[in-house]
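Note sheet for the following structure.
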Amino acid sequence: MSKIVLEHIDKYYGDNHVLKDINLTIEDGDFMTLLGPSGCGKTTTLRVISGLEKPQNGTMTIDGKMMIDAANAFYEEPSKRGLNLVFQSYALWPHMTVYQNIAFGLKIKKLSKKEIDQRVMDSLKMLRIDQYKDRYPNELSGGQQQRVAIARAIASSPKLLLLDEPLSNLDARLRIDMRVELKRLHKETGTTIVYVTHDQVEAMTMSTKVALFRAGEIAQVATPLEIYTNPVDMETADFVGSPRINMIEGKGVYDGTTLKVESELGNFEFEKDTLKLEEVIPEGKPFDVVLGIRPEVIQVYPKKPKEGDCFEATVYASQPAGSETIITLDKGDTQFLALQVDLRSYEMNQKVWVGMDPKRLNVFNKETQRLIRYAAANIREEADE
Amino acid sequence: MSKTKKVIQKGNPWIRFKNQLKDVLCNPFNLITLLAFIVLIAFVVVPLLSIAKESFILDATAARRAKAEEGSLGIYYWQYLMTGRMAKTMFWTPLVHSLTVSFFACLFAVPLGAILAWLMVRSDIPGKKIISFLIVMAYMMPSWCKAQAWLSIFRNMVGGMPGILYWMGWDVPDWVAYGPFAMVCVLALHYYAFTYIMLAGSLGTINSELEEMALIQGASKKTIIMKITMPLVMPAFLSATVMTFSKAIGGYSVASYLGTRVQYHTLSTRLHDQIASGMPGVGYAIAILMILFSAGLIFVNNKLIGSRKSYSTINGKGGRSVELRLGKWRIPVFLLVCLFLLIALVFPLLSLVIESLQVTPLRGLEPSNFTLFNWIGKEEESYALINWEPGILRNSKFLSGLWNTVKLGVLGAVISSFMGLIFGYISVRGRGKWYGHMIDQLVFIPYLIPAVAFSAVYVAMFITPKLGGLIPALYGTFALILLISVVKYFPYASKSGSATMMQISAELEEAASINGAGFFRRLGKIVIPLAKNGFMSGFLLTFISIAKEFDLISLVSNERNLTLSYLTFTYTSLNCYQLAACSSVVMIVLISVMYLLAKKVFNADISKSWS
């Protein structure tokens with residue numbers, strides 16, 4: 001059970017500034033995902049937390065206890081931080097059996113033989129691999145090795161569990177199984193987890209919080225839903241979500257109470273209370289904006305519906321994928337994507353009617369690239385109730 | 001990762017310093033790195049400086065001739081060597097001899113090795129496995145055994161006791177039996193395997209898809225070889241050439257067996273003779289020149305080819321290799337290769353075995369001429385005047401030589417493989433850091449130095465007590481022989497140590513460290529168990545190399561510290577050819593057993609770590 005606070009962490013490799021003033025608070029019991037493309041500093045941050053890397057600047061505390069105080073060149077040893085780490089490569093010791101791999105750390109802690117046995121078997125059972133305890137790592141499949149690596153990490157009952165892209169070496173099906181497994185593990189043990197991944201689906205589905213990394217900096221820290229519905233800037237919006245968000249250029253005018261936006265997909269008015277007022281929103285004169293529209297926000301009707309604002313568009317292509325259908329649409333010179341559940345069939349060049357709920361649109365200031373209008377989430381839940 | 005100005009905040013300087021100091025001191029890795037540096041500086045850098053210094057300090061003779069005080073500094077040795085009255089005999093002619101012999105040895109060895117490598121890797125010649133095994137095996141045999149075999153076949157009356165050809169009725173002329181021709185033949189038949197090993201490795205990593213692509217584009221077999229395969233192996237080919245040349249020029253044993261008898265001196269024999277029984281200062285000067293020459297060659301090689309070498313490994317991934325059909329030439333080519341192996345490997349070995357069983361080489365293959373006396377004869381039975389020593393298995397001199405060889409090999413290989421693992425560990429874990437780079441550089445130095453010059457360096461260093469008697473004069477002791485062998489094999493041992501360490505990912509250690517394992521526990525429980533096999537194969541290969549050394553130890557061995565290689569040479573110089581043959585045969589058996597062990601049990605791959 002622990003709360004981790006990172007403040008002003010800087011890490012240089014030679015002259016390369018790989019972590020730039022990282023500030024991050026991980027609350028007790030969080031499942032915090034560090035998300036970002038490769039080379040953005042997320043694994044380095046994880047290694048800084050674990051103690052395998054020493055940052056040049058900044059401090060880190062775990063439960064108020066100083067772990068890193070770079071200004072005084074103080075770095076607590078990894079093993080004294082009460083954490084454990086699952087490596088991307090699993091790092092299972094090939095010359096030890098599954099049992100020995102897991103017992104290794106416990107033996108160093110000088111636990112009694114009985115307790116070691118108890119703990120090893122508990123963690124093996126928790127990950128449902130107790131039948132493999134006498135095998136060597138190279139006699140196990142990738143998924144089983146993964147489970148051993150996790151079992152080894154949790155056997156010492158760490159207060160903090162660090163996972164470095166643990167699923168990236170697994171095939172697609174196993175990955176989904178292991179996601180479930182990890183989520184259950186988090187609930188069962190209550191351990192604080194810091195999880196590194198470049199896969200936004202993993203981040204969305206598993207975490208309680210996501211820290212989005214970009215080029216050595218943290219772009220946004222929020223719940224997965226918040227990051228998805230209100231990404232802090234256009235790059236984040238583009239990175240999160242699949243299929244990707246539609247970015248529609250338009251002209252905006254803000255008169256102090258309402259933001260009016262004109263675009264190829266229609267004209268919209270947004271009230272002041274949905275605007276992000278701390279961002280740059282020029283008043284009185286028109287400025288360039290970008291509408292961020294998630295594909296699932298766009299409704300497609302074969303015939304003109306009776307109510308609601310709609311406009312006509314042409315089907316450019318349609319990709320039925322079983323549970324959902326992705327439709328590429330043309331309106332004038334603008335091309336955009338719509339996502340519909342279930343199988344739908346559209347002909348190429350078919351005329352359709354398109355509508356969307358203005359409450360669920362993001363607006364970005366094109367010049368600053370930042371979000372200036374919040375979208376509302378959970379529309380469907382509200383409608384269902 | 002943009003480059004921004006590095007700003008580092010510093011807190012209380014005293015606490016900061018204390019923590020930093022604690023960090024450095026409490027990490028045994030730093031301590032071990034420090035020790036490694038001390039070892040390398042003490043045994044590599046200091047001896048080199050020492051020989052440079054000694055080549056300017058005049059001893060009594062030189063001082064008298066140069067009309068200076070004994071022990072004063074002067075360039076007398078250098079003048080003597082380069083411009084003096086003796087310069088031509090001492091330096092310039094031997095230089096020409098060295099260059100000539102090395103050039104011709106290269107001229108034959110490299111193409112021969114290249115053709116064999118191509119046949120073994122790329123063609124569908126039968127019996128590949130056994131042929132390539134035999135070639136590598138042949139390279140494991142020391143070159144002095146081959147010189148010995150040459151003598152046993154070609155010797156004429158100049159050698160005191162003629163060889164087998166003489167008995168068959170051919171009075172072999174001097175120019176065939178001894179001197180440059182013989183040296184070129186023996187060197188070529190030794191070093192072709194070196195080219196073979198390098199090129200086979202390089203050819204093996206070339207993805208045949210590259211060749212197949214050319215085939216699809218419509219290129220003929222000849223065009224493919226000329227335009228695709230050749231350019232790709234060119235770097236390895238050039239490298240093999242330069243290294244063969246450098247090895248041949250630094251070699252001492254073949255020149256001492258075959259050259260000195262007819263006064264055909266090379267740089268290495270001159271160096272040896274000057275240090276053993278002339279003016280050591282002149283020997284040191286020759287050693288320095290040889291070191292510069294050899295280092296220069298390797299440096300140029302690395303500069304020219306270094307970056308292009310990567311060709312052959314870039315496409316290592318595909319790894320699939322399609323054989324080229326030799327068609328109707330398949331069997332004739334195979335027979336030709338067999339004939340070659342017969343001449344280059346079987347005949348020499350056979351001739352040594354035969355000689356070891358002869359009463360006297362004069363009577364050749366006459367049935368009555370065969371005896372086991374050379375092996376098991378008793379001293380009092382030496383009535384037949386075969387020689388005046390008992391058979392080697394009852395011969396205390398031989399047995400102690402054998403024991404010394406095994407002792408030297410085992411101790412030397414254990415120490416240098418162990419050091420190699422440590423150097424490899426530091427170099428792999430310190431990749432990209434200054435200390436890793438430094439260790440790599442320092443450890444590589446002995447590789448640049450020809451063996452006989454290397455021992456000269458150590459003679460210069462240890463012939464007198466150093467540090468006011470703290471380090472005794474080691475000259476003539478077993479300790480010095482051991483030390484030289486260990487340090488000379490640092491580069492090889494650390495290369496295979498690095499290869500071993502490379503396979504142990506840092507994460508395995510990090511995982512242990514997070515679980516609370518300290519440095520020594522990580523070493524003991526993770527690194528060493530995983531490095532075991534690599535260590536064993538490195539150990540056996542180093543054992544072979546050290547045990548067969550003659551170049552390296554001939555300057556520092558003496559009657560008290562006989563090894564097989566030195567004893568064999570002594571027997572040869574005393575014209576006890578049968579005993580020398582026995583001793584060579586024992587050597588070959590020893591090496592073969594070790595090599596088989598390394599290959600079969602520990603999967604040693606000579607082409608990966610040892611060329």
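Each chain in the structure tokens gets a letter, A, B and so on, in the order shown; residues start at 1 in every chain, and ligands are counted from 1 in the order they appear.
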Contacts of chain A with chain B up to 7 Å, shortest pair per row, only C-alpha atoms, as a Markdown table:
| residue | atom | partner | partner_atom | distance |
| --- | --- | --- | --- | --- |
| A:Asp15 | CA | B:Lys3 | CA | 6.2 |
| A:Asn16 | CA | B:Lys3 | CA | 5.4 |
| A:His17 | CA | B:Met1 | CA | 5.9 |
| A:Val18 | CA | B:Met1 | CA | 5.5 |
| A:Gln56 | CA | B:Ile8 | CA | 6.3 |
| A:Asn57 | CA | B:Ile8 | CA | 6.1 |
| A:Ala71 | CA | B:Lys10 | CA | 4.4 |
| A:Asn72 | CA | B:Arg16 | CA | 4.1 |
| A:Ala73 | CA | B:Arg16 | CA | 5.0 |
| A:Phe74 | CA | B:Asn19 | CA | 5.8 |
| A:Pro78 | CA | B:Ile514 | CA | 5.2 |
| A:Ser79 | CA | B:Gly516 | CA | 4.6 |
| A:Asn84 | CA | B:Ile514 | CA | 6.3 |
| A:Ala91 | CA | B:Leu508 | CA | 4.9 |
| A:Leu92 | CA | B:Leu508 | CA | 6.7 |
| A:Trp93 | CA | B:Leu508 | CA | 6.3 |
| A:His95 | CA | B:Leu530 | CA | 6.9 |
| A:Gly105 | CA | B:Asn515 | CA | 4.7 |
| A:Ile108 | CA | B:Gly516 | CA | 6.5 |
| A:Ala215 | CA | B:Met1 | CA | 5.9 |
| A:Gly216 | CA | B:Met1 | CA | 6.7 |
So that I have them on file, write out the residues from the current selection with N, CA and C atoms, as a PDB file, in the first residue's frame.
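The resulting file, again05.pdb, is reproduced below:
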ATOM      1  N   ASP A  15      24.357  13.881 -23.130  1.00  0.00           N
ATOM      2  CA  ASP A  15      23.697  15.172 -23.288  1.00  0.00           C
ATOM      3  C   ASP A  15      22.229  15.013 -23.658  1.00  0.00           C
ATOM      4  N   ASN A  16      21.798  13.758 -23.790  1.00  0.00           N
ATOM      5  CA  ASN A  16      20.399  13.534 -24.140  1.00  0.00           C
ATOM      6  C   ASN A  16      19.505  13.714 -22.929  1.00  0.00           C
ATOM      7  N   HIS A  17      18.551  14.587 -23.056  1.00  0.00           N
ATOM      8  CA  HIS A  17      17.643  14.856 -21.943  1.00  0.00           C
ATOM      9  C   HIS A  17      16.427  13.955 -22.118  1.00  0.00           C
ATOM     10  N   VAL A  18      16.421  12.805 -21.474  1.00  0.00           N
ATOM     11  CA  VAL A  18      15.358  11.845 -21.762  1.00  0.00           C
ATOM     12  C   VAL A  18      14.137  11.995 -20.868  1.00  0.00           C
ATOM     13  N   GLN A  56      19.368  12.617 -12.578  1.00  0.00           N
ATOM     14  CA  GLN A  56      20.317  13.645 -12.148  1.00  0.00           C
ATOM     15  C   GLN A  56      19.650  14.696 -11.262  1.00  0.00           C
ATOM     16  N   ASN A  57      18.346  14.903 -11.484  1.00  0.00           N
ATOM     17  CA  ASN A  57      17.633  15.886 -10.673  1.00  0.00           C
ATOM     18  C   ASN A  57      16.338  15.289 -10.157  1.00  0.00           C
ATOM     19  N   ALA A  71      19.695  15.855  -5.484  1.00  0.00           N
ATOM     20  CA  ALA A  71      20.564  16.985  -5.142  1.00  0.00           C
ATOM     21  C   ALA A  71      21.620  16.555  -4.129  1.00  0.00           C
ATOM     22  N   ASN A  72      21.260  15.601  -3.270  1.00  0.00           N
ATOM     23  CA  ASN A  72      22.236  15.110  -2.302  1.00  0.00           C
ATOM     24  C   ASN A  72      22.829  13.759  -2.700  1.00  0.00           C
ATOM     25  N   ALA A  73      22.638  13.403  -3.965  1.00  0.00           N
ATOM     26  CA  ALA A  73      23.170  12.148  -4.489  1.00  0.00           C
ATOM     27  C   ALA A  73      22.719  10.942  -3.676  1.00  0.00           C
ATOM     28  N   PHE A  74      21.484  11.006  -3.171  1.00  0.00           N
ATOM     29  CA  PHE A  74      20.987   9.873  -2.403  1.00  0.00           C
ATOM     30  C   PHE A  74      20.019   9.048  -3.247  1.00  0.00           C
ATOM     31  N   PRO A  78      17.473  -0.559  -4.904  1.00  0.00           N
ATOM     32  CA  PRO A  78      16.218  -1.098  -5.444  1.00  0.00           C
ATOM     33  C   PRO A  78      15.519  -2.034  -4.466  1.00  0.00           C
ATOM     34  N   SER A  79      16.325  -2.887  -3.822  1.00  0.00           N
ATOM     35  CA  SER A  79      15.702  -3.924  -2.997  1.00  0.00           C
ATOM     36  C   SER A  79      15.107  -3.350  -1.720  1.00  0.00           C
ATOM     37  N   ASN A  84       8.586  -4.540  -6.710  1.00  0.00           N
ATOM     38  CA  ASN A  84       9.121  -5.568  -7.580  1.00  0.00           C
ATOM     39  C   ASN A  84       8.759  -5.238  -9.020  1.00  0.00           C
ATOM     40  N   ALA A  91      12.950 -11.841 -18.045  1.00  0.00           N
ATOM     41  CA  ALA A  91      14.171 -12.020 -17.260  1.00  0.00           C
ATOM     42  C   ALA A  91      14.067 -13.177 -16.278  1.00  0.00           C
ATOM     43  N   LEU A  92      13.548 -14.302 -16.746  1.00  0.00           N
ATOM     44  CA  LEU A  92      13.551 -15.499 -15.892  1.00  0.00           C
ATOM     45  C   LEU A  92      14.939 -16.102 -15.939  1.00  0.00           C
ATOM     46  N   TRP A  93      15.414 -16.549 -14.804  1.00  0.00           N
ATOM     47  CA  TRP A  93      16.746 -17.152 -14.769  1.00  0.00           C
ATOM     48  C   TRP A  93      16.685 -18.542 -15.387  1.00  0.00           C
ATOM     49  N   HIS A  95      18.609 -21.008 -15.624  1.00  0.00           N
ATOM     50  CA  HIS A  95      19.204 -22.181 -14.980  1.00  0.00           C
ATOM     51  C   HIS A  95      18.461 -22.576 -13.721  1.00  0.00           C
ATOM     52  N   GLY A 105      14.157 -14.648  -4.358  1.00  0.00           N
ATOM     53  CA  GLY A 105      14.101 -13.428  -3.559  1.00  0.00           C
ATOM     54  C   GLY A 105      13.704 -13.704  -2.119  1.00  0.00           C
ATOM     55  N   ILE A 108      16.626 -14.860  -0.102  1.00  0.00           N
ATOM     56  CA  ILE A 108      17.499 -13.750   0.286  1.00  0.00           C
ATOM     57  C   ILE A 108      16.922 -13.038   1.505  1.00  0.00           C
ATOM     58  N   ALA A 215       7.892  12.593 -25.681  1.00  0.00           N
ATOM     59  CA  ALA A 215       9.242  13.156 -25.787  1.00  0.00           C
ATOM     60  C   ALA A 215       9.807  13.566 -24.429  1.00  0.00           C
ATOM     61  N   GLY A 216       9.710  12.647 -23.465  1.00  0.00           N
ATOM     62  CA  GLY A 216      10.335  12.900 -22.176  1.00  0.00           C
ATOM     63  C   GLY A 216       9.517  13.750 -21.225  1.00  0.00           C
TER      64      GLY A 216
END
Fill in: Spatial neighbours of range 60-73 of chain B, 10 Å, only C-alpha atoms, chain gap at least 4 places, as a PyMOL selection string
chain B and resi 53-56+77+80+279+281-282
Fill in: Top pick for closest residue to Glu262 in chain A, considering A:Ala313, A:Leu163, A:Leu212, A:Val363 and counting only C-alpha atoms
A:Val363
Fill in: Nearby residues (only C-alpha atoms) at most 10 Å from range 3-13 of chain A, same-chain spacing under 3 positions excluded, as a PyMOL selection string
(chain A and resi 16-30+41+44-45+48-49+53-70+159-160+192+216-217) or (chain B and resi 1+3-4+6-8)
Worksheet entry | Within 8 Å of Ser123 in chain A using only C-alpha atoms, minus same-chain residues under 6 positions, as a PyMOL selection string | chain A and resi 151-152+154-155
Item to complete: Find the spatial neighbours of range 584-589 of chain B, counting only C-alpha atoms, within a cut-off of 8 Å - ignore same-chain residues fewer than 6 positions away - and output them as an NGL selection string.
Response: :B and (141 or 145 or 148 or 349 or 352-353 or 548 or 564-565 or 568)
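The gap separating CA of Ala153 in chain A from CA of Lys80 in chain A is 14.5 Å, in Å to one decimal.
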Item to complete: Give me the residues within 9 Å of range 290-294 of chain A as an NGL selection string, counting only C-alpha atoms and dropping any in the same chain fewer than 5 places off.
Response: :A and (229 or 234 or 237 or 241 or 243-252 or 261 or 263 or 337-339 or 356 or 360-366 or 369)
Worksheet entry | Contact residues around Leu541 in chain B with only C-alpha atoms at 12 Å, ignoring same-chain residues under 6 positions, as a PyMOL selection string | chain B and resi 137+140+409-410+412-414+416-417+489+492-493+496+534-535+547-548+591-599+602-607+609-611
Worksheet, complete the sentence: Computed gap from CA of Ser554 in chain B to CA of Ser396 in chain B is 20.5 Å
Discussion item. For a quick check of understanding, using only C-alpha atoms, which of B:Ala456, B:Leu95, B:Val601, B:Val121 has the smallest distance to Ile484 in chain B?
Written reply: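 Among the listed residues, B:Ala456 lies closest to Ile484 in chain B.
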Mind checking DSSP for range 213-267 of chain A and telling me the alpha helix (DSSP H) residues as an mmCIF file with C-alpha atoms, in the first residue's frame?
data_model
loop_
_atom_site.group_PDB
_atom_site.id
_atom_site.type_symbol
_atom_site.label_atom_id
_atom_site.label_comp_id
_atom_site.auth_asym_id
_atom_site.auth_seq_id
_atom_site.Cartn_x
_atom_site.Cartn_y
_atom_site.Cartn_z
ATOM 1 C CA PRO A 224 -8.750 6.591 -19.164
ATOM 2 C CA LEU A 225 -12.233 7.916 -19.849
ATOM 3 C CA GLU A 226 -11.124 11.498 -19.362
ATOM 4 C CA ILE A 227 -8.121 11.080 -21.658
ATOM 5 C CA TYR A 228 -10.339 9.513 -24.247
ATOM 6 C CA THR A 229 -13.138 12.064 -24.142
ATOM 7 C CA MET A 234 -4.489 17.343 -30.745
ATOM 8 C CA GLU A 235 -1.540 14.994 -30.606
ATOM 9 C CA THR A 236 -2.969 13.180 -27.621
ATOM 10 C CA ALA A 237 -6.343 13.031 -29.286
ATOM 11 C CA ASP A 238 -4.729 11.482 -32.305
ATOM 12 C CA PHE A 239 -2.714 8.962 -30.282
#
Worksheet item: Hey, which of B:Gly424, B:Gly74, B:Pro446, B:Pro94 ends up closest to Ile286 in chain B? Count only C-alpha atoms.
Response: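 Of the candidates, the smallest distance to Ile286 in chain B is held by B:Pro94.
Candidate residues B:Leu326, B:Met82, B:Leu335, B:Val359 were compared for distance to Tyr577 in chain B, and the nearest is B:Val359, using only C-alpha atoms.
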Fill in: Best match for closeness to Val242 in chain B among B:Ile426, B:Ala105, B:Ala276, B:Val346, counting only C-alpha atoms
B:Ala105
Worksheet item: Just how far from CA of Val457 in chain B is CA of Ala182 in chain B, in Å to one decimal?
Response: 29.2 Å
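Proximity to Val44 in chain B was assessed for B:Gly430, B:Ile481, B:Tyr76, B:Pro491 counting only C-alpha atoms; the smallest distance is recorded for B:Pro491.
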